[in-house]
file structure27.cif (mmCIF, C-alpha atoms)
data_protein
loop_
_atom_site.label_atom_id
_atom_site.label_comp_id
_atom_site.auth_asym_id
_atom_site.auth_seq_id
_atom_site.Cartn_x
_atom_site.Cartn_y
_atom_site.Cartn_z
CA MET A 318 -21.02 -9.09 -17.69
CA THR A 319 -21.56 -12.83 -18.03
CA ARG A 320 -24.26 -14.81 -16.21
CA ASP A 321 -21.81 -15.96 -13.56
CA GLY A 322 -21.01 -12.34 -12.65
CA ASN A 323 -17.63 -12.19 -14.35
CA VAL A 324 -16.60 -9.38 -16.61
CA GLY A 325 -16.24 -10.64 -20.16
CA LYS A 326 -12.96 -10.33 -22.03
CA THR A 327 -14.50 -7.91 -24.53
CA GLU A 328 -15.84 -5.59 -21.82
CA LEU A 329 -12.50 -5.57 -20.04
CA ALA A 330 -10.64 -4.82 -23.26
CA ASP A 331 -13.04 -1.96 -24.01
CA ALA A 332 -12.54 -0.54 -20.51
CA ALA A 333 -8.77 -0.69 -20.90
CA ARG A 334 -8.75 1.14 -24.25
CA ILE A 335 -7.62 4.71 -24.00
CA ARG A 336 -9.02 7.19 -26.46
CA TYR A 337 -6.45 9.89 -27.11
CA LEU A 338 -7.62 13.40 -27.91
CA THR A 339 -5.50 15.33 -30.41
CA LYS A 340 -5.70 18.67 -32.17
CA GLU A 341 -7.07 16.75 -35.17
CA ASN A 342 -9.98 15.04 -33.39
CA ALA A 343 -10.90 17.43 -30.54
CA GLU A 344 -11.86 21.08 -30.42
CA PHE A 345 -11.87 22.81 -27.02
CA ALA A 346 -13.74 26.01 -26.23
CA GLU A 347 -14.68 28.12 -23.23
CA THR A 348 -18.41 28.34 -22.47
CA PRO A 349 -20.13 31.66 -21.67
CA GLY A 350 -19.95 30.62 -18.00
CA HIS A 351 -16.14 30.18 -18.29
CA LEU A 352 -16.31 26.40 -18.15
CA LEU A 353 -14.71 24.04 -20.64
CA ALA A 354 -16.42 22.32 -23.57
CA VAL A 355 -15.02 19.83 -26.08
CA LYS A 356 -16.32 18.74 -29.48
CA THR A 357 -15.11 15.38 -30.69
CA ASP A 358 -16.51 12.96 -33.27
CA GLY A 359 -19.30 15.45 -34.02
CA GLU A 360 -20.53 15.38 -30.42
CA GLU A 361 -20.20 18.32 -28.04
CA HIS A 362 -19.66 17.76 -24.32
CA SER A 363 -20.18 20.61 -21.87
CA PRO A 364 -19.07 21.12 -19.22
CA VAL A 365 -15.97 18.96 -19.11
CA TYR A 366 -13.18 18.91 -16.57
CA VAL A 367 -9.45 18.32 -16.81
CA HIS A 368 -8.01 15.71 -14.43
CA CYS A 369 -4.21 15.55 -14.22
CA SER A 370 -2.50 12.20 -13.85
CA PHE A 371 0.45 13.94 -12.18
CA PRO A 372 -1.00 17.15 -10.65
CA HIS A 373 1.97 17.90 -8.41
CA THR A 374 4.82 17.05 -10.74
CA ASN A 375 3.74 17.53 -14.37
CA ARG A 376 0.44 19.11 -15.41
CA ARG A 377 1.25 18.96 -19.12
CA VAL A 378 1.08 15.21 -19.75
CA TYR A 379 -1.65 12.55 -19.54
CA LEU A 380 -4.65 14.76 -18.92
CA SER A 381 -8.01 13.03 -18.64
CA ILE A 382 -10.99 14.99 -20.02
CA ARG A 383 -14.17 13.98 -18.18
CA THR A 384 -17.83 14.91 -18.03
CA ALA A 385 -19.54 16.21 -14.88
CA ASP A 386 -20.54 12.62 -14.03
CA ASN A 387 -16.86 11.54 -14.30
CA LYS A 388 -17.17 9.70 -17.63
CA GLU A 389 -13.88 9.91 -19.49
CA ILE A 390 -14.17 11.37 -22.97
CA GLY A 391 -10.49 10.92 -23.71
CA MET A 392 -6.89 11.47 -22.70
CA ILE A 393 -4.45 14.13 -23.85
CA ARG A 394 -0.90 12.77 -24.07
CA ASN A 395 0.83 16.16 -23.98
CA LEU A 396 -0.39 19.76 -24.02
CA ASP A 397 2.52 20.64 -26.30
CA ASP A 398 0.71 18.73 -29.08
CA PHE A 399 -2.03 21.40 -29.12
CA PRO A 400 -1.98 24.99 -30.40
CA PRO A 401 -0.82 27.52 -27.76
CA GLU A 402 -4.30 29.05 -27.33
CA THR A 403 -5.86 25.62 -26.63
CA ALA A 404 -3.05 24.72 -24.22
CA ALA A 405 -3.55 28.06 -22.42
CA LEU A 406 -7.31 27.40 -22.11
CA LEU A 407 -6.70 23.97 -20.58
CA GLU A 408 -4.00 25.37 -18.27
CA ARG A 409 -6.45 28.03 -16.97
CA GLN A 410 -8.96 25.31 -16.15
CA MET A 411 -6.29 23.28 -14.32
CA ALA A 412 -5.15 26.34 -12.36
CA ILE A 413 -8.68 26.64 -10.99
CA ARG A 414 -9.10 22.93 -10.27
CA TYR A 415 -5.66 22.45 -8.72
CA PHE A 416 -5.29 25.80 -6.96
CA THR A 417 -2.47 25.12 -4.52
CA PRO A 418 -0.64 28.13 -3.07
CA GLU A 419 3.08 27.61 -2.49
CA ILE A 420 4.33 28.22 1.03
CA THR A 421 7.26 30.62 0.78
CA LYS A 422 7.83 30.97 4.53
CA VAL A 423 6.57 29.05 7.55
CA VAL A 424 5.89 31.68 10.22
CA ALA A 425 4.53 29.43 12.98
CA VAL A 426 3.06 25.98 13.59
CA LYS A 427 1.40 25.25 16.92
CA GLU A 428 -0.13 21.96 17.95
CA GLU A 429 -3.11 21.42 20.20
CA PHE A 430 -5.67 18.62 20.68
CA GLY A 431 -4.74 16.65 17.56
CA TYR A 432 -4.61 19.66 15.25
CA SER A 433 -1.80 21.88 14.07
CA TYR A 434 -2.40 25.56 13.46
CA TRP A 435 -0.26 26.99 10.68
CA GLU A 436 0.64 30.53 9.79
CA ALA A 437 2.52 30.82 6.53
CA GLU A 438 3.40 33.28 3.82
CA THR A 439 2.24 31.89 0.50
CA THR A 440 2.01 32.90 -3.13
CA ALA A 441 -1.63 33.80 -2.28
CA GLY A 442 -0.64 36.00 0.68
CA LEU A 443 -0.45 35.37 4.42
CA CYS A 444 -2.54 32.31 5.32
CA ARG A 445 -3.66 30.79 8.58
CA PHE A 446 -5.04 27.27 8.36
CA THR A 447 -5.70 24.21 10.50
CA VAL A 448 -4.48 20.70 9.73
CA ARG A 449 -5.76 17.53 11.40
CA ASN A 450 -2.72 15.57 12.55
CA GLY A 451 -2.26 12.07 11.19
CA GLY A 452 -4.20 10.65 8.28
CA GLY A 453 -1.72 11.76 5.63
CA ASN A 454 -2.67 15.44 5.67
CA VAL A 455 1.01 16.39 5.47
CA LYS A 456 2.75 14.15 2.95
CA PHE A 457 5.40 14.04 0.28
CA ALA A 458 4.11 14.73 -3.24
CA ALA A 459 7.61 14.18 -4.61
CA GLU A 460 11.04 13.59 -3.09
CA ASN A 461 11.55 17.15 -1.84
CA ARG A 462 7.98 18.52 -2.24
CA LEU A 463 5.45 18.53 0.59
CA LEU A 464 1.67 18.65 0.14
CA ILE A 465 -0.45 19.91 3.05
CA THR A 466 -4.25 19.56 3.15
CA ASP A 467 -6.17 21.59 5.72
CA VAL A 468 -9.44 20.67 7.46
CA ASP A 469 -11.44 22.42 4.72
CA GLY A 470 -9.75 20.49 1.90
CA ASN A 471 -7.55 23.41 0.80
CA ARG A 472 -4.13 22.34 -0.42
CA PHE A 473 -0.81 24.05 0.12
CA VAL A 474 2.58 22.98 -1.12
CA ILE A 475 6.13 23.49 0.06
CA PRO A 476 7.90 23.13 -3.29
CA ARG A 477 11.41 22.60 -1.89
CA LEU A 478 11.83 21.42 1.69
CA ASP A 479 15.58 21.91 1.39
CA GLN A 480 15.02 25.67 0.89
CA LEU A 481 13.40 26.14 4.30
CA SER A 482 15.42 27.68 7.09
CA GLU A 483 16.47 25.31 9.88
CA LYS A 484 13.80 26.78 12.18
CA GLU A 485 11.07 26.39 9.53
CA TYR A 486 12.17 22.83 8.77
CA ARG A 487 11.96 21.83 12.46
CA MET A 488 8.38 23.17 12.68
CA VAL A 489 7.35 21.23 9.57
CA GLU A 490 9.31 18.06 10.41
CA MET A 491 7.21 17.49 13.53
CA ARG A 492 4.12 17.07 11.31
CA LEU A 493 5.59 14.46 8.94
#
call {"tool": "encode", "arguments": {"input": "structure27.cif", "output": "structure tokens"}}
result
Amino acid sequence: MTRDGNVGKTELADAARIRYLTKENAEFAETPGHLLAVKTDGEEHSPVYVHCSFPHTNRRVYLSIRTADNKEIGMIRNLDDFPPETAALLERQMAIRYFTPEITKVVAVKEEFGYSYWEAETTAGLCRFTVRNGGGNVKFAAENRLLITDVDGNRFVIPRLDQLSEKEYRMVEMRL
């Protein structure tokens, strides 16, 4: 930073540089505690976390690998560029981080005092959860895909709104 408080051109250029991780320059491993570690440029970082640029539409491209204090180590362009066992390791870590059961059937949605109470069949079983109305807790993640965040921060997804029955759609539509 310069004396007048402005960010210098060099610092800005450094911040904008993306370091891409490849199978040639990065080696991923699972720690004994089932966390993720990466070795790159002779330096090992553990634990590291995978952050998806597009978590609801494509978890295979532009993955940011970051330390526990959110410092980016590098970016993976595409998981397909890595050996299958490395890709599987990274996918397991993302499944934990982005655990989002899919709603297969909306059983009931009742509204009371600014909250909606949902009962739904999901890929994780029958779930009952509470959603605060307003504030973007029920929103489109893609054109036909709905993301729902409950009061505890749990996420659920309706992968295809057009596959809901008319009754289910009416219950959900009131929350959009």
call {"tool": "residues_around", "arguments": {"input": "structure27.cif", "residues": "A:Gly359", "least_positions_apart": "6", "cutoff": "12 Å", "atoms": "all atoms listed in the file", "output": "list in words"}}
result
Asn342, Ala343 and Glu344 of chain A
call {"tool": "write_last_selection", "arguments": {"input": "structure27.cif", "atoms": "C-alpha atoms", "output": "PDB file, in the frame of the given file"}}
result
ATOM      1  CA  ASN A 342      -9.980  15.040 -33.390  1.00  0.00           C
ATOM      2  CA  ALA A 343     -10.900  17.430 -30.540  1.00  0.00           C
ATOM      3  CA  GLU A 344     -11.860  21.080 -30.420  1.00  0.00           C
TER       4      GLU A 344
END
call {"tool": "residues_near_point", "arguments": {"input": "structure27.cif", "point": "(1.7, 22.2, -14.6)", "cutoff": "10 Å", "atoms": "all atoms listed in the file", "output": "ChimeraX atom specification"}}
result
/A:369,371-378,396,408,411-412,415
call {"tool": "resolve_selection", "arguments": {"input": "structure27.cif", "expression": "the PyMOL selection byres ((chain A and resi 419-422) around 12)", "output": "ChimeraX atom specification"}}
result
/A:373,415-418,423-426,435-446,462-465,471-478,480-486,488-489
call {"tool": "closest_residue", "arguments": {"input": "structure27.cif", "among": "A:Thr348, A:Gly470, A:Met491, A:Lys388", "to": "A:Lys427", "atoms": "all atoms listed in the file"}}
result
A:Met491
call {"tool": "resolve_selection", "arguments": {"input": "structure27.cif", "expression": "the PyMOL selection byres ((chain A and resi 398) around 12)", "output": "compact mmCIF listing (two decimals) with C-alpha atoms, keeping the file's coordinate frame"}}
result
# COMPACT_ATOMS: atom_id res chain seq x y z
CA TYR A 337 -6.45 9.89 -27.11
CA LEU A 338 -7.62 13.40 -27.91
CA THR A 339 -5.50 15.33 -30.41
CA LYS A 340 -5.70 18.67 -32.17
CA GLU A 341 -7.07 16.75 -35.17
CA ALA A 343 -10.90 17.43 -30.54
CA ARG A 377 1.25 18.96 -19.12
CA VAL A 378 1.08 15.21 -19.75
CA TYR A 379 -1.65 12.55 -19.54
CA ILE A 393 -4.45 14.13 -23.85
CA ARG A 394 -0.90 12.77 -24.07
CA ASN A 395 0.83 16.16 -23.98
CA LEU A 396 -0.39 19.76 -24.02
CA ASP A 397 2.52 20.64 -26.30
CA PHE A 399 -2.03 21.40 -29.12
CA PRO A 400 -1.98 24.99 -30.40
CA PRO A 401 -0.82 27.52 -27.76
CA GLU A 402 -4.30 29.05 -27.33
CA THR A 403 -5.86 25.62 -26.63
CA ALA A 404 -3.05 24.72 -24.22
call {"tool": "atom_distance", "arguments": {"input": "structure27.cif", "atom1": "atom CA of A:His368", "atom2": "atom CA of A:Phe457"}}
result
20.0 Å
call {"tool": "atom_distance", "arguments": {"input": "structure27.cif", "atom1": "atom CA of A:Met392", "atom2": "atom CA of A:Leu407"}}
result
12.7 Å
call {"tool": "atom_distance", "arguments": {"input": "structure27.cif", "atom1": "atom CA of A:Val468", "atom2": "atom CA of A:Val448"}}
result
5.5 Å
call {"tool": "closest_residue", "arguments": {"input": "structure27.cif", "among": "A:Phe345, A:Gly452, A:Ala405, A:Val355", "to": "A:Asp467", "atoms": "all atoms listed in the file"}}
result
A:Gly452
call {"tool": "resolve_selection", "arguments": {"input": "structure27.cif", "expression": "the PyMOL selection byres ((chain A and resi 363) around 8)", "output": "mmCIF file with C-alpha atoms, in the coordinates of the input"}}
result
data_model
loop_
_atom_site.group_PDB
_atom_site.id
_atom_site.type_symbol
_atom_site.label_atom_id
_atom_site.label_comp_id
_atom_site.auth_asym_id
_atom_site.auth_seq_id
_atom_site.Cartn_x
_atom_site.Cartn_y
_atom_site.Cartn_z
ATOM 1 C CA THR A 348 -18.410 28.340 -22.470
ATOM 2 C CA LEU A 352 -16.310 26.400 -18.150
ATOM 3 C CA LEU A 353 -14.710 24.040 -20.640
ATOM 4 C CA ALA A 354 -16.420 22.320 -23.570
ATOM 5 C CA VAL A 355 -15.020 19.830 -26.080
ATOM 6 C CA GLU A 361 -20.200 18.320 -28.040
ATOM 7 C CA HIS A 362 -19.660 17.760 -24.320
ATOM 8 C CA PRO A 364 -19.070 21.120 -19.220
ATOM 9 C CA VAL A 365 -15.970 18.960 -19.110
ATOM 10 C CA THR A 384 -17.830 14.910 -18.030
#
call {"tool": "closest_residue", "arguments": {"input": "structure27.cif", "among": "A:Asn454, A:Arg336, A:Glu347, A:Ser370", "to": "A:Glu389", "atoms": "all atoms listed in the file"}}
result
A:Arg336
